[in-house]
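Data block for work-v7.cif (mmCIF, C-alpha atoms and all ligand atoms):
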```cif
data_start
loop_
_atom_site.label_atom_id
_atom_site.label_comp_id
_atom_site.auth_asym_id
_atom_site.auth_seq_id
_atom_site.Cartn_x
_atom_site.Cartn_y
_atom_site.Cartn_z
CA MET A 1 -58.43 58.60 -68.23
CA GLY A 2 -60.52 58.97 -65.08
CA ILE A 3 -61.37 62.10 -63.12
CA PRO A 4 -58.17 63.34 -61.40
CA ILE A 5 -58.64 63.43 -57.64
CA ILE A 6 -56.61 64.00 -54.48
CA ILE A 7 -57.81 62.54 -51.18
CA ASP A 8 -56.93 64.43 -48.01
CA CYS A 9 -57.69 62.01 -45.19
CA ASP A 10 -57.02 60.50 -41.76
CA PRO A 11 -57.22 56.72 -42.36
CA GLY A 12 -59.35 55.62 -40.60
CA VAL A 13 -61.58 52.63 -41.42
CA ASP A 14 -64.04 54.59 -43.57
CA ASP A 15 -61.19 56.59 -45.17
CA ALA A 16 -59.66 53.23 -46.12
CA LEU A 17 -62.91 52.24 -47.83
CA ALA A 18 -63.01 55.56 -49.69
CA ILE A 19 -59.45 55.03 -50.96
CA ILE A 20 -60.18 51.44 -52.00
CA LEU A 21 -63.31 52.47 -53.93
CA ALA A 22 -61.38 55.27 -55.67
CA LEU A 23 -58.63 52.85 -56.65
CA LYS A 24 -61.03 50.24 -57.97
CA HIS A 25 -63.33 52.42 -60.10
CA PRO A 26 -62.25 53.21 -63.68
CA LYS A 27 -64.01 56.58 -63.62
CA ILE A 28 -61.47 57.83 -61.05
CA ASP A 29 -57.77 58.61 -61.34
CA LEU A 30 -56.35 58.90 -57.80
CA LYS A 31 -53.33 61.19 -58.15
CA ALA A 32 -52.23 61.38 -54.51
CA ILE A 33 -53.18 60.98 -50.87
CA CYS A 34 -52.49 63.56 -48.15
CA SER A 35 -52.53 62.53 -44.50
CA VAL A 36 -53.72 64.51 -41.52
CA THR A 37 -54.11 63.76 -37.84
CA GLY A 38 -57.63 62.61 -36.87
CA ASN A 39 -58.69 58.99 -36.52
CA GLY A 40 -55.16 58.37 -35.30
CA ASP A 41 -52.09 60.50 -34.73
CA LEU A 42 -50.24 61.59 -37.87
CA HIS A 43 -47.82 58.65 -37.66
CA ASN A 44 -50.69 56.15 -37.73
CA THR A 45 -52.85 57.89 -40.35
CA THR A 46 -49.81 58.23 -42.65
CA ASN A 47 -48.77 54.60 -42.20
CA ASN A 48 -52.34 53.40 -42.66
CA GLY A 49 -52.59 55.30 -45.95
CA LEU A 50 -49.34 53.71 -47.15
CA LYS A 51 -50.57 50.27 -46.13
CA ILE A 52 -53.85 50.66 -48.00
CA LEU A 53 -52.00 51.64 -51.18
CA SER A 54 -49.77 48.56 -50.82
CA LEU A 55 -52.71 46.28 -50.09
CA CYS A 56 -54.30 47.42 -53.34
CA GLY A 57 -51.04 47.04 -55.27
CA ARG A 58 -50.84 50.80 -55.94
CA GLU A 59 -47.50 51.78 -54.44
CA ASP A 60 -47.00 54.02 -57.47
CA ILE A 61 -49.43 56.58 -55.98
CA PRO A 62 -47.65 59.16 -53.78
CA LEU A 63 -48.69 59.91 -50.21
CA TYR A 64 -47.80 63.26 -48.64
CA ARG A 65 -47.60 63.57 -44.86
CA GLY A 66 -49.57 66.56 -43.57
CA SER A 67 -50.45 68.29 -40.31
CA ALA A 68 -49.95 66.66 -36.91
CA LYS A 69 -51.96 69.34 -35.13
CA GLY A 70 -54.97 71.51 -35.84
CA LEU A 71 -54.80 75.22 -36.68
CA ASP A 72 -54.91 75.88 -32.93
CA ASP A 73 -51.64 73.91 -32.63
CA LYS A 74 -53.30 71.21 -30.54
CA GLN A 75 -53.60 67.51 -31.29
CA PRO A 76 -57.32 66.68 -31.56
CA ASP A 77 -58.70 63.63 -29.71
CA THR A 78 -58.80 60.51 -31.87
CA VAL A 79 -61.92 58.40 -32.51
CA PRO A 80 -62.52 55.38 -30.23
CA ALA A 81 -64.70 53.61 -32.81
CA PHE A 82 -61.65 52.84 -34.98
CA GLY A 83 -59.34 51.52 -32.25
CA ASP A 84 -55.90 52.73 -31.17
CA ASP A 85 -54.33 52.28 -34.60
CA GLY A 86 -57.18 53.87 -36.62
CA LEU A 87 -57.84 50.60 -38.48
CA GLY A 88 -59.81 48.78 -35.82
CA GLY A 89 -56.71 47.05 -34.41
CA TYR A 90 -55.79 45.46 -37.76
CA ALA A 91 -53.16 47.87 -39.11
CA HIS A 92 -50.44 45.38 -38.15
CA MET A 93 -51.94 42.82 -40.56
CA VAL A 94 -50.73 44.79 -43.59
CA GLN A 95 -47.00 45.28 -44.15
CA THR A 96 -45.44 47.85 -46.47
CA ASP A 97 -42.03 49.23 -47.40
CA LYS A 98 -43.62 52.24 -49.07
CA LYS A 99 -42.60 55.62 -47.67
CA ALA A 100 -44.31 58.99 -47.62
CA GLU A 101 -42.93 61.68 -49.95
CA GLU A 102 -40.49 64.28 -48.58
CA GLU A 103 -42.71 67.22 -49.59
CA HIS A 104 -45.27 68.35 -46.99
CA ALA A 105 -48.94 67.76 -47.90
CA VAL A 106 -49.75 71.49 -47.73
CA ASP A 107 -46.94 72.36 -50.18
CA PHE A 108 -48.02 69.52 -52.42
CA LEU A 109 -51.67 70.69 -52.47
CA VAL A 110 -50.65 74.20 -53.49
CA ARG A 111 -48.25 72.86 -56.13
CA ALA A 112 -50.79 70.39 -57.56
CA ALA A 113 -53.46 73.10 -57.87
CA ASN A 114 -50.99 75.41 -59.64
CA GLU A 115 -49.78 72.73 -62.01
CA LYS A 116 -53.29 71.74 -63.08
CA PRO A 117 -55.59 74.71 -62.38
CA GLY A 118 -59.29 73.84 -62.66
CA GLU A 119 -58.68 70.10 -63.03
CA ILE A 120 -58.43 68.58 -59.56
CA THR A 121 -61.36 67.29 -57.54
CA LEU A 122 -60.29 67.43 -53.89
CA PHE A 123 -61.69 65.16 -51.19
CA ALA A 124 -61.61 66.38 -47.59
CA ILE A 125 -62.47 63.35 -45.48
CA GLY A 126 -60.50 64.16 -42.34
CA PRO A 127 -60.13 67.33 -40.28
CA CYS A 128 -59.74 70.25 -42.75
CA THR A 129 -56.33 71.41 -41.41
CA ASN A 130 -54.16 70.74 -44.49
CA ILE A 131 -56.67 72.37 -46.82
CA ALA A 132 -57.09 75.45 -44.62
CA LYS A 133 -53.30 75.80 -44.52
CA ALA A 134 -53.14 75.52 -48.32
CA ILE A 135 -55.68 78.35 -48.55
CA ARG A 136 -53.66 80.48 -46.11
CA LYS A 137 -50.56 79.82 -48.20
CA ASP A 138 -52.18 80.60 -51.54
CA LYS A 139 -55.36 82.70 -51.44
CA GLU A 140 -56.09 81.66 -55.05
CA PHE A 141 -55.96 77.96 -54.12
CA PRO A 142 -59.78 77.51 -53.99
CA LYS A 143 -60.16 79.03 -57.47
CA LYS A 144 -57.77 76.45 -58.91
CA ILE A 145 -59.67 73.46 -57.52
CA LYS A 146 -62.46 72.14 -59.74
CA ARG A 147 -64.62 71.02 -56.85
CA ILE A 148 -64.17 69.99 -53.24
CA ILE A 149 -66.17 67.18 -51.69
CA VAL A 150 -66.17 67.34 -47.91
CA MET A 151 -67.24 64.68 -45.42
CA GLY A 152 -68.16 66.66 -42.36
CA GLY A 153 -70.87 68.39 -40.42
CA SER A 154 -74.60 67.80 -40.49
CA LYS A 155 -77.83 69.74 -40.29
CA TYR A 156 -79.58 67.72 -37.63
CA THR A 157 -77.16 65.68 -35.55
CA GLY A 158 -73.65 65.18 -34.16
CA ASN A 159 -71.25 62.42 -33.15
CA MET A 160 -68.90 64.36 -30.87
CA SER A 161 -71.57 66.49 -29.23
CA PRO A 162 -75.32 66.78 -29.86
CA VAL A 163 -74.52 69.21 -32.69
CA ALA A 164 -70.97 68.56 -33.91
CA GLU A 165 -69.52 65.99 -36.31
CA TYR A 166 -65.94 64.77 -35.75
CA ASN A 167 -64.04 66.27 -38.73
CA PHE A 168 -65.44 69.75 -38.10
CA TRP A 169 -65.20 69.35 -34.31
CA ALA A 170 -61.50 68.30 -34.50
CA ASP A 171 -60.47 71.52 -36.28
CA PRO A 172 -63.46 73.88 -36.38
CA LEU A 173 -61.45 76.89 -37.48
CA ALA A 174 -60.09 74.97 -40.45
CA ALA A 175 -63.60 73.83 -41.40
CA LYS A 176 -64.80 77.44 -41.17
CA GLU A 177 -61.96 78.74 -43.35
CA VAL A 178 -62.60 76.04 -45.96
CA MET A 179 -66.32 76.79 -45.98
CA GLU A 180 -65.72 80.52 -46.43
CA ALA A 181 -62.88 80.22 -48.96
CA GLY A 182 -64.97 80.59 -52.13
CA PHE A 183 -64.47 77.21 -53.82
CA HIS A 184 -66.27 76.99 -57.20
CA GLU A 185 -68.21 74.02 -55.92
CA LEU A 186 -68.19 72.65 -52.38
CA VAL A 187 -70.30 69.58 -51.61
CA MET A 188 -70.85 68.90 -47.91
CA ILE A 189 -71.70 65.28 -47.20
CA GLY A 190 -72.49 65.05 -43.51
CA LEU A 191 -73.91 62.72 -40.90
CA ASP A 192 -77.51 63.28 -42.07
CA VAL A 193 -76.74 60.96 -44.97
CA THR A 194 -73.56 59.11 -43.92
CA ASN A 195 -75.21 57.64 -40.80
CA LYS A 196 -77.71 55.95 -43.13
CA ILE A 197 -75.04 54.00 -45.03
CA ALA A 198 -73.45 52.35 -41.97
CA LEU A 199 -72.37 48.80 -42.78
CA GLY A 200 -74.89 46.26 -41.48
CA ALA A 201 -73.98 42.85 -40.09
CA ASP A 202 -75.58 41.09 -43.12
CA ILE A 203 -73.44 42.77 -45.76
CA ARG A 204 -70.38 42.49 -43.52
CA GLU A 205 -71.02 38.75 -43.32
CA MET A 206 -71.17 38.64 -47.12
CA LEU A 207 -67.60 39.97 -47.13
CA ARG A 208 -66.50 37.11 -44.90
CA ILE A 209 -68.08 34.64 -47.31
CA PHE A 210 -66.29 36.22 -50.34
CA ASP A 211 -63.01 35.36 -48.59
CA THR A 212 -60.60 37.48 -50.66
CA ASP A 213 -57.67 39.45 -49.17
CA LEU A 214 -59.63 42.68 -49.55
CA SER A 215 -62.94 41.34 -48.27
CA LYS A 216 -61.22 39.85 -45.21
CA PHE A 217 -59.41 43.15 -44.60
CA ILE A 218 -62.66 45.13 -44.73
CA TYR A 219 -64.44 42.53 -42.58
CA ASN A 220 -61.71 42.76 -39.93
CA ILE A 221 -61.26 46.53 -39.79
CA THR A 222 -65.02 47.13 -39.44
CA ARG A 223 -65.38 44.93 -36.35
CA GLU A 224 -64.34 47.52 -33.75
CA GLY A 225 -66.83 50.06 -35.15
CA LEU A 226 -69.62 47.51 -35.06
CA ASP A 227 -68.82 46.53 -31.45
CA ASP A 228 -68.66 50.20 -30.46
CA ASN A 229 -72.04 50.98 -32.06
CA TRP A 230 -73.57 47.94 -30.41
CA LYS A 231 -72.32 48.95 -26.96
CA SER A 232 -73.22 52.60 -27.26
CA ARG A 233 -76.41 52.51 -29.39
CA ARG A 234 -77.51 48.84 -29.66
CA LYS A 235 -76.98 49.03 -33.41
CA PRO A 236 -74.88 46.27 -35.02
CA VAL A 237 -73.47 48.54 -37.74
CA SER A 238 -70.03 49.89 -38.57
CA PRO A 239 -69.43 53.54 -39.69
CA MET A 240 -68.81 54.09 -43.43
CA HIS A 241 -69.07 57.90 -43.64
CA ASP A 242 -66.17 58.79 -45.94
CA VAL A 243 -66.80 56.27 -48.66
CA LEU A 244 -70.02 58.05 -49.62
CA THR A 245 -67.97 61.00 -50.96
CA VAL A 246 -66.23 58.84 -53.57
CA ALA A 247 -69.44 56.98 -54.41
CA TYR A 248 -71.09 60.34 -55.06
CA LEU A 249 -68.42 61.34 -57.57
CA ILE A 250 -68.90 58.05 -59.42
CA ASP A 251 -72.71 58.28 -59.45
CA GLU A 252 -74.15 61.66 -58.49
CA SER A 253 -77.70 60.27 -58.44
CA ILE A 254 -76.88 58.54 -55.13
CA LEU A 255 -77.38 61.84 -53.29
CA THR A 256 -79.99 64.58 -53.35
CA LEU A 257 -78.24 67.92 -52.93
CA LYS A 258 -79.66 71.27 -51.91
CA LYS A 259 -78.04 74.68 -52.27
CA ALA A 260 -77.20 76.06 -48.85
CA HIS A 261 -75.22 78.57 -46.88
CA ILE A 262 -73.13 76.68 -44.35
CA GLY A 263 -71.60 78.42 -41.35
CA ILE A 264 -69.29 76.74 -38.82
CA VAL A 265 -69.21 77.44 -35.08
CA ASP A 266 -65.51 77.54 -34.19
CA GLU A 267 -65.63 77.86 -30.40
CA GLY A 268 -67.79 77.41 -27.32
CA ILE A 269 -70.39 74.84 -26.40
CA ALA A 270 -71.42 74.24 -30.04
CA LYS A 271 -67.81 73.98 -31.30
CA GLY A 272 -67.74 72.28 -34.72
CA GLN A 273 -71.46 72.67 -35.43
CA SER A 274 -72.41 73.32 -39.04
CA ILE A 275 -75.34 75.68 -39.46
CA VAL A 276 -77.06 74.60 -42.67
CA ASP A 277 -79.27 77.34 -44.11
CA ILE A 278 -81.08 75.87 -47.14
CA ASN A 279 -81.13 78.28 -50.09
CA GLY A 280 -79.31 80.84 -47.91
CA HIS A 281 -82.68 81.96 -46.61
CA TRP A 282 -81.11 83.99 -43.77
CA VAL A 283 -78.27 85.50 -45.83
CA ASN A 284 -80.00 86.96 -48.88
CA GLY A 285 -79.67 83.77 -50.88
CA GLU A 286 -75.88 83.67 -50.69
CA CYS A 287 -75.02 79.98 -50.85
CA ASN A 288 -71.50 78.62 -50.41
CA ALA A 289 -72.19 74.90 -50.66
CA LEU A 290 -74.29 72.02 -51.85
CA TYR A 291 -75.66 70.13 -48.87
CA ALA A 292 -76.40 66.38 -49.08
CA ALA A 293 -79.97 65.98 -47.86
CA GLU A 294 -80.85 62.43 -48.90
CA VAL A 295 -79.13 59.22 -49.96
CA ASP A 296 -80.20 56.18 -51.97
CA VAL A 297 -78.70 53.51 -49.69
CA ASN A 298 -79.44 50.56 -51.98
CA LYS A 299 -77.84 52.27 -54.99
CA PHE A 300 -74.82 53.11 -52.86
CA TYR A 301 -74.26 49.51 -51.75
CA LYS A 302 -74.76 48.15 -55.25
CA LEU A 303 -72.10 50.53 -56.53
CA LEU A 304 -69.66 49.95 -53.67
CA LEU A 305 -69.81 46.16 -53.62
CA THR A 306 -69.97 45.49 -57.35
CA THR A 307 -67.01 47.82 -57.90
CA ILE A 308 -64.75 46.28 -55.26
CA PHE A 309 -65.91 42.67 -55.68
CA LYS A 310 -66.68 42.54 -59.38
CA GLU A 311 -66.28 38.78 -59.49
CA HIS A 312 -69.29 38.46 -57.12
CA GLU A 313 -71.50 40.91 -59.01
CA GLU A 314 -74.32 38.46 -59.69
CA GLU A 315 -74.64 37.40 -56.01
CA ILE A 316 -74.47 40.99 -54.81
CA LEU A 317 -77.19 42.21 -57.17
CA ASP A 318 -79.32 39.19 -56.33
CA TYR A 319 -79.10 39.96 -52.61
CA LEU A 320 -79.62 43.72 -52.98
CA LYS A 321 -82.48 43.56 -55.51
C1 LIG A 401 -65.70 61.36 -39.77
O1 LIG A 401 -64.83 61.27 -38.64
C2 LIG A 401 -63.92 60.23 -38.81
O2 LIG A 401 -63.87 59.45 -37.67
C3 LIG A 401 -64.37 59.44 -39.99
O3 LIG A 401 -63.26 58.92 -40.69
C4 LIG A 401 -65.13 60.43 -40.82
O4 LIG A 401 -64.27 61.15 -41.67
C5 LIG A 401 -67.11 61.03 -39.34
O5 LIG A 401 -67.53 61.89 -38.33
CA CA A 402 -62.00 60.35 -42.09
#
```
Take the structure I supplied and represent it as structure tokens, if you would.
Amino acid sequence: MGIPIIIDCDPGVDDALAIILALKHPKIDLKAICSVTGNGDLHNTTNNGLKILSLCGREDIPLYRGSAKGLDDKQPDTVPAFGDDGLGGYAHMVQTDKKAEEEHAVDFLVRAANEKPGEITLFAIGPCTNIAKAIRKDKEFPKKIKRIIVMGGSKYTGNMSPVAEYNFWADPLAAKEVMEAGFHELVMIGLDVTNKIALGADIREMLRIFDTDLSKFIYNITREGLDDNWKSRRKPVSPMHDVLTVAYLIDESILTLKKAHIGIVDEGIAKGQSIVDINGHWVNGECNALYAAEVDVNKFYKLLLTTIFKEHEEEILDYLK
């Protein structure tokens, strides 16, 4: 049996990739998905999650609908890079009859942690709202989670302001409460490394050549992000942030981690900024997280592509050698 995980997410092009990788790798046992508002409104992120499960033939995996608004009771702005539907305008290409569970994602998270204390690895790859609410509901929740792997924040850059990354910016109070909750192990994988794994036009073209249902789906949903990056930064690449979290669990040598104290700015001009203090230098060595400082991009792509497109392994390794 693989490592039991729950993915809390806002699909989302890169969330979709993270889910697909988790479903395809034998080392991982995806127990459930929780949806949260973010890349789209809750209706879209929930439906997108259901569609991805259907596309991968895994309708047996439950999806729990979560929070429509942040802890401040406001709906955060969605992300233009992933189009109006969150899947780059291609959500309509996948049909599903699968429905979300009746139970709310927050109730499910608390229940799952209580049923299997110390066993679950939790992925937070959308705004942290559901997880912060689970902590508010059950103060012992963090102690019952084996580890939490968060895509969010950064030490040196931002994508919603010069200093703030989207997931933390969308619900900064939730990010702060998660960071301060006392999880046994919290890994923060932020823009410092996820920007480096953006999908280039060459590898994207390889997906078109493979011509499978999944490769065509990934090729299509990554187009909007590539166009957006070209217009705004003259870089023909599509964002892949979230998928690095799952790749890390499969092969930890992909990232170099450093112990750190991470604080979150929850209001004002720097709203959503993560203050990364390596080794807790400014707080008497008190570290609350492992911060991802470096990434082996080639190793990441070898893992991602050979896992999802096993039948093309030889070509992939030949190209990436
Ligand atoms: C994060 O924001 C979302 O748009 C992505 O899915 C990712 O989780 C990157 O800033
Ligand atoms: Ca996301």
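Note that CA of Val94 in chain A and CA of Asp227 in chain A are 21.9 Å apart.
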Return as a ChimeraX atom specification the residues of protein, DNA or RNA that approach ligand CA 402 (chain A) to within 9 Å, with all atoms listed in the file taken into account. /A:8-16,38-39,124-127,151-152,166-167,241-242
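Residue nearest ligand LIG 401 (chain A) within the list A:Ile250, A:Leu226, A:Ala170, A:Ile278: A:Ala170 [criterion: smallest interatomic distance, all atoms listed in the file].
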From the set A:Ile33, A:Val276, A:Met179, A:Leu199, which residue has the shortest atom-to-atom contact distance to His104 in chain A, counting all atoms listed in the file?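 Closest to His104 in chain A, using all atoms listed in the file: A:Ile33.
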Pick out the closest residue to Asp296 in chain A from this set: A:Ile120, A:Leu255, A:Ala105, A:Val283. Count all atoms listed in the file. A:Leu255
Hey, what's within 12 Å of Leu23 in chain A if we count all atoms listed in the file and toss same-chain stuff fewer than 3 positions away? As a VMD selection string, please? chain A and resid 2 to 7 16 to 20 26 to 33 52 to 61 243 246 to 247 250 304 307 to 308
Which one is closest to ligand LIG 401 (chain A): A:Cys128, A:Leu191, A:Ala181, A:Leu186? Count all atoms listed in the file.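 Closest candidate: A:Leu191.
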Generate all heavy atoms for range 233-244 of chain A and emit them as a PDB file, keeping the file's coordinate frame.
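Writing done, so here's out-v6.pdb:
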```pdb
ATOM      1  N   ARG A 233     -75.086  52.170 -28.845  1.00  0.00           N
ATOM      2  CA  ARG A 233     -76.410  52.510 -29.390  1.00  0.00           C
ATOM      3  C   ARG A 233     -77.286  51.291 -29.691  1.00  0.00           C
ATOM      4  O   ARG A 233     -78.354  51.413 -30.275  1.00  0.00           O
ATOM      5  CB  ARG A 233     -76.250  53.315 -30.691  1.00  0.00           C
ATOM      6  CG  ARG A 233     -75.460  54.611 -30.514  1.00  0.00           C
ATOM      7  CD  ARG A 233     -75.594  55.517 -31.711  1.00  0.00           C
ATOM      8  NE  ARG A 233     -74.969  54.984 -32.904  1.00  0.00           N
ATOM      9  CZ  ARG A 233     -75.502  55.014 -34.117  1.00  0.00           C
ATOM     10  NH1 ARG A 233     -76.705  55.528 -34.294  1.00  0.00           N
ATOM     11  NH2 ARG A 233     -74.867  54.524 -35.142  1.00  0.00           N
ATOM     12  N   ARG A 234     -76.784  50.078 -29.343  1.00  0.00           N
ATOM     13  CA  ARG A 234     -77.510  48.840 -29.660  1.00  0.00           C
ATOM     14  C   ARG A 234     -77.812  48.723 -31.141  1.00  0.00           C
ATOM     15  O   ARG A 234     -78.857  48.239 -31.567  1.00  0.00           O
ATOM     16  CB  ARG A 234     -78.817  48.753 -28.846  1.00  0.00           C
ATOM     17  CG  ARG A 234     -78.587  48.387 -27.394  1.00  0.00           C
ATOM     18  CD  ARG A 234     -78.261  46.892 -27.208  1.00  0.00           C
ATOM     19  NE  ARG A 234     -77.914  46.587 -25.827  1.00  0.00           N
ATOM     20  CZ  ARG A 234     -76.682  46.634 -25.299  1.00  0.00           C
ATOM     21  NH1 ARG A 234     -75.641  46.961 -26.053  1.00  0.00           N
ATOM     22  NH2 ARG A 234     -76.463  46.347 -24.045  1.00  0.00           N
ATOM     23  N   LYS A 235     -76.836  49.168 -31.952  1.00  0.00           N
ATOM     24  CA  LYS A 235     -76.980  49.030 -33.410  1.00  0.00           C
ATOM     25  C   LYS A 235     -75.778  48.242 -33.930  1.00  0.00           C
ATOM     26  O   LYS A 235     -74.643  48.703 -33.819  1.00  0.00           O
ATOM     27  CB  LYS A 235     -77.012  50.404 -34.074  1.00  0.00           C
ATOM     28  CG  LYS A 235     -78.233  51.217 -33.699  1.00  0.00           C
ATOM     29  CD  LYS A 235     -78.826  51.896 -34.928  1.00  0.00           C
ATOM     30  CE  LYS A 235     -80.244  52.326 -34.658  1.00  0.00           C
ATOM     31  NZ  LYS A 235     -80.444  53.714 -34.525  1.00  0.00           N
ATOM     32  N   PRO A 236     -76.012  47.057 -34.509  1.00  0.00           N
ATOM     33  CA  PRO A 236     -74.880  46.270 -35.020  1.00  0.00           C
ATOM     34  C   PRO A 236     -74.449  46.752 -36.403  1.00  0.00           C
ATOM     35  O   PRO A 236     -74.583  46.048 -37.410  1.00  0.00           O
ATOM     36  CB  PRO A 236     -75.447  44.847 -35.053  1.00  0.00           C
ATOM     37  CG  PRO A 236     -76.908  45.038 -35.276  1.00  0.00           C
ATOM     38  CD  PRO A 236     -77.300  46.363 -34.694  1.00  0.00           C
ATOM     39  N   VAL A 237     -73.917  47.970 -36.455  1.00  0.00           N
ATOM     40  CA  VAL A 237     -73.470  48.540 -37.740  1.00  0.00           C
ATOM     41  C   VAL A 237     -72.107  49.202 -37.552  1.00  0.00           C
ATOM     42  O   VAL A 237     -71.771  49.634 -36.455  1.00  0.00           O
ATOM     43  CB  VAL A 237     -74.472  49.599 -38.278  1.00  0.00           C
ATOM     44  CG1 VAL A 237     -75.806  48.981 -38.608  1.00  0.00           C
ATOM     45  CG2 VAL A 237     -74.650  50.757 -37.295  1.00  0.00           C
ATOM     46  N   SER A 238     -71.354  49.283 -38.634  1.00  0.00           N
ATOM     47  CA  SER A 238     -70.030  49.890 -38.570  1.00  0.00           C
ATOM     48  C   SER A 238     -70.005  51.161 -39.443  1.00  0.00           C
ATOM     49  O   SER A 238     -70.516  51.145 -40.568  1.00  0.00           O
ATOM     50  CB  SER A 238     -68.991  48.887 -39.072  1.00  0.00           C
ATOM     51  OG  SER A 238     -67.701  49.312 -38.745  1.00  0.00           O
ATOM     52  N   PRO A 239     -69.393  52.267 -38.944  1.00  0.00           N
ATOM     53  CA  PRO A 239     -69.430  53.540 -39.690  1.00  0.00           C
ATOM     54  C   PRO A 239     -68.746  53.450 -41.060  1.00  0.00           C
ATOM     55  O   PRO A 239     -67.704  52.820 -41.209  1.00  0.00           O
ATOM     56  CB  PRO A 239     -68.630  54.498 -38.788  1.00  0.00           C
ATOM     57  CG  PRO A 239     -68.612  53.877 -37.452  1.00  0.00           C
ATOM     58  CD  PRO A 239     -68.701  52.399 -37.658  1.00  0.00           C
ATOM     59  N   MET A 240     -69.347  54.097 -42.051  1.00  0.00           N
ATOM     60  CA  MET A 240     -68.810  54.090 -43.430  1.00  0.00           C
ATOM     61  C   MET A 240     -68.742  55.499 -44.018  1.00  0.00           C
ATOM     62  O   MET A 240     -68.584  55.644 -45.238  1.00  0.00           O
ATOM     63  CB  MET A 240     -69.733  53.251 -44.321  1.00  0.00           C
ATOM     64  CG  MET A 240     -69.812  51.802 -43.971  1.00  0.00           C
ATOM     65  SD  MET A 240     -68.385  50.928 -44.555  1.00  0.00           S
ATOM     66  CE  MET A 240     -68.875  50.652 -46.235  1.00  0.00           C
ATOM     67  N   HIS A 241     -68.883  56.517 -43.178  1.00  0.00           N
ATOM     68  CA  HIS A 241     -69.070  57.900 -43.640  1.00  0.00           C
ATOM     69  C   HIS A 241     -68.328  58.276 -44.927  1.00  0.00           C
ATOM     70  O   HIS A 241     -68.932  58.687 -45.917  1.00  0.00           O
ATOM     71  CB  HIS A 241     -68.629  58.875 -42.538  1.00  0.00           C
ATOM     72  CG  HIS A 241     -69.209  58.590 -41.202  1.00  0.00           C
ATOM     73  ND1 HIS A 241     -70.510  58.888 -40.872  1.00  0.00           N
ATOM     74  CD2 HIS A 241     -68.676  58.026 -40.083  1.00  0.00           C
ATOM     75  CE1 HIS A 241     -70.750  58.546 -39.625  1.00  0.00           C
ATOM     76  NE2 HIS A 241     -69.658  58.014 -39.121  1.00  0.00           N
ATOM     77  N   ASP A 242     -66.986  58.189 -44.880  1.00  0.00           N
ATOM     78  CA  ASP A 242     -66.170  58.790 -45.940  1.00  0.00           C
ATOM     79  C   ASP A 242     -66.388  58.194 -47.324  1.00  0.00           C
ATOM     80  O   ASP A 242     -66.237  58.889 -48.336  1.00  0.00           O
ATOM     81  CB  ASP A 242     -64.678  58.646 -45.597  1.00  0.00           C
ATOM     82  CG  ASP A 242     -64.303  59.476 -44.385  1.00  0.00           C
ATOM     83  OD1 ASP A 242     -64.991  60.464 -44.092  1.00  0.00           O
ATOM     84  OD2 ASP A 242     -63.306  59.120 -43.721  1.00  0.00           O
ATOM     85  N   VAL A 243     -66.716  56.935 -47.356  1.00  0.00           N
ATOM     86  CA  VAL A 243     -66.800  56.270 -48.660  1.00  0.00           C
ATOM     87  C   VAL A 243     -67.940  56.842 -49.516  1.00  0.00           C
ATOM     88  O   VAL A 243     -67.897  56.798 -50.753  1.00  0.00           O
ATOM     89  CB  VAL A 243     -66.896  54.727 -48.480  1.00  0.00           C
ATOM     90  CG1 VAL A 243     -68.178  54.332 -47.838  1.00  0.00           C
ATOM     91  CG2 VAL A 243     -66.686  53.995 -49.777  1.00  0.00           C
ATOM     92  N   LEU A 244     -68.906  57.459 -48.865  1.00  0.00           N
ATOM     93  CA  LEU A 244     -70.020  58.050 -49.620  1.00  0.00           C
ATOM     94  C   LEU A 244     -69.542  59.206 -50.516  1.00  0.00           C
ATOM     95  O   LEU A 244     -70.137  59.471 -51.560  1.00  0.00           O
ATOM     96  CB  LEU A 244     -71.108  58.530 -48.635  1.00  0.00           C
ATOM     97  CG  LEU A 244     -72.434  58.986 -49.227  1.00  0.00           C
ATOM     98  CD1 LEU A 244     -73.059  57.950 -50.149  1.00  0.00           C
ATOM     99  CD2 LEU A 244     -73.424  59.336 -48.107  1.00  0.00           C
TER     100      LEU A 244
END
```
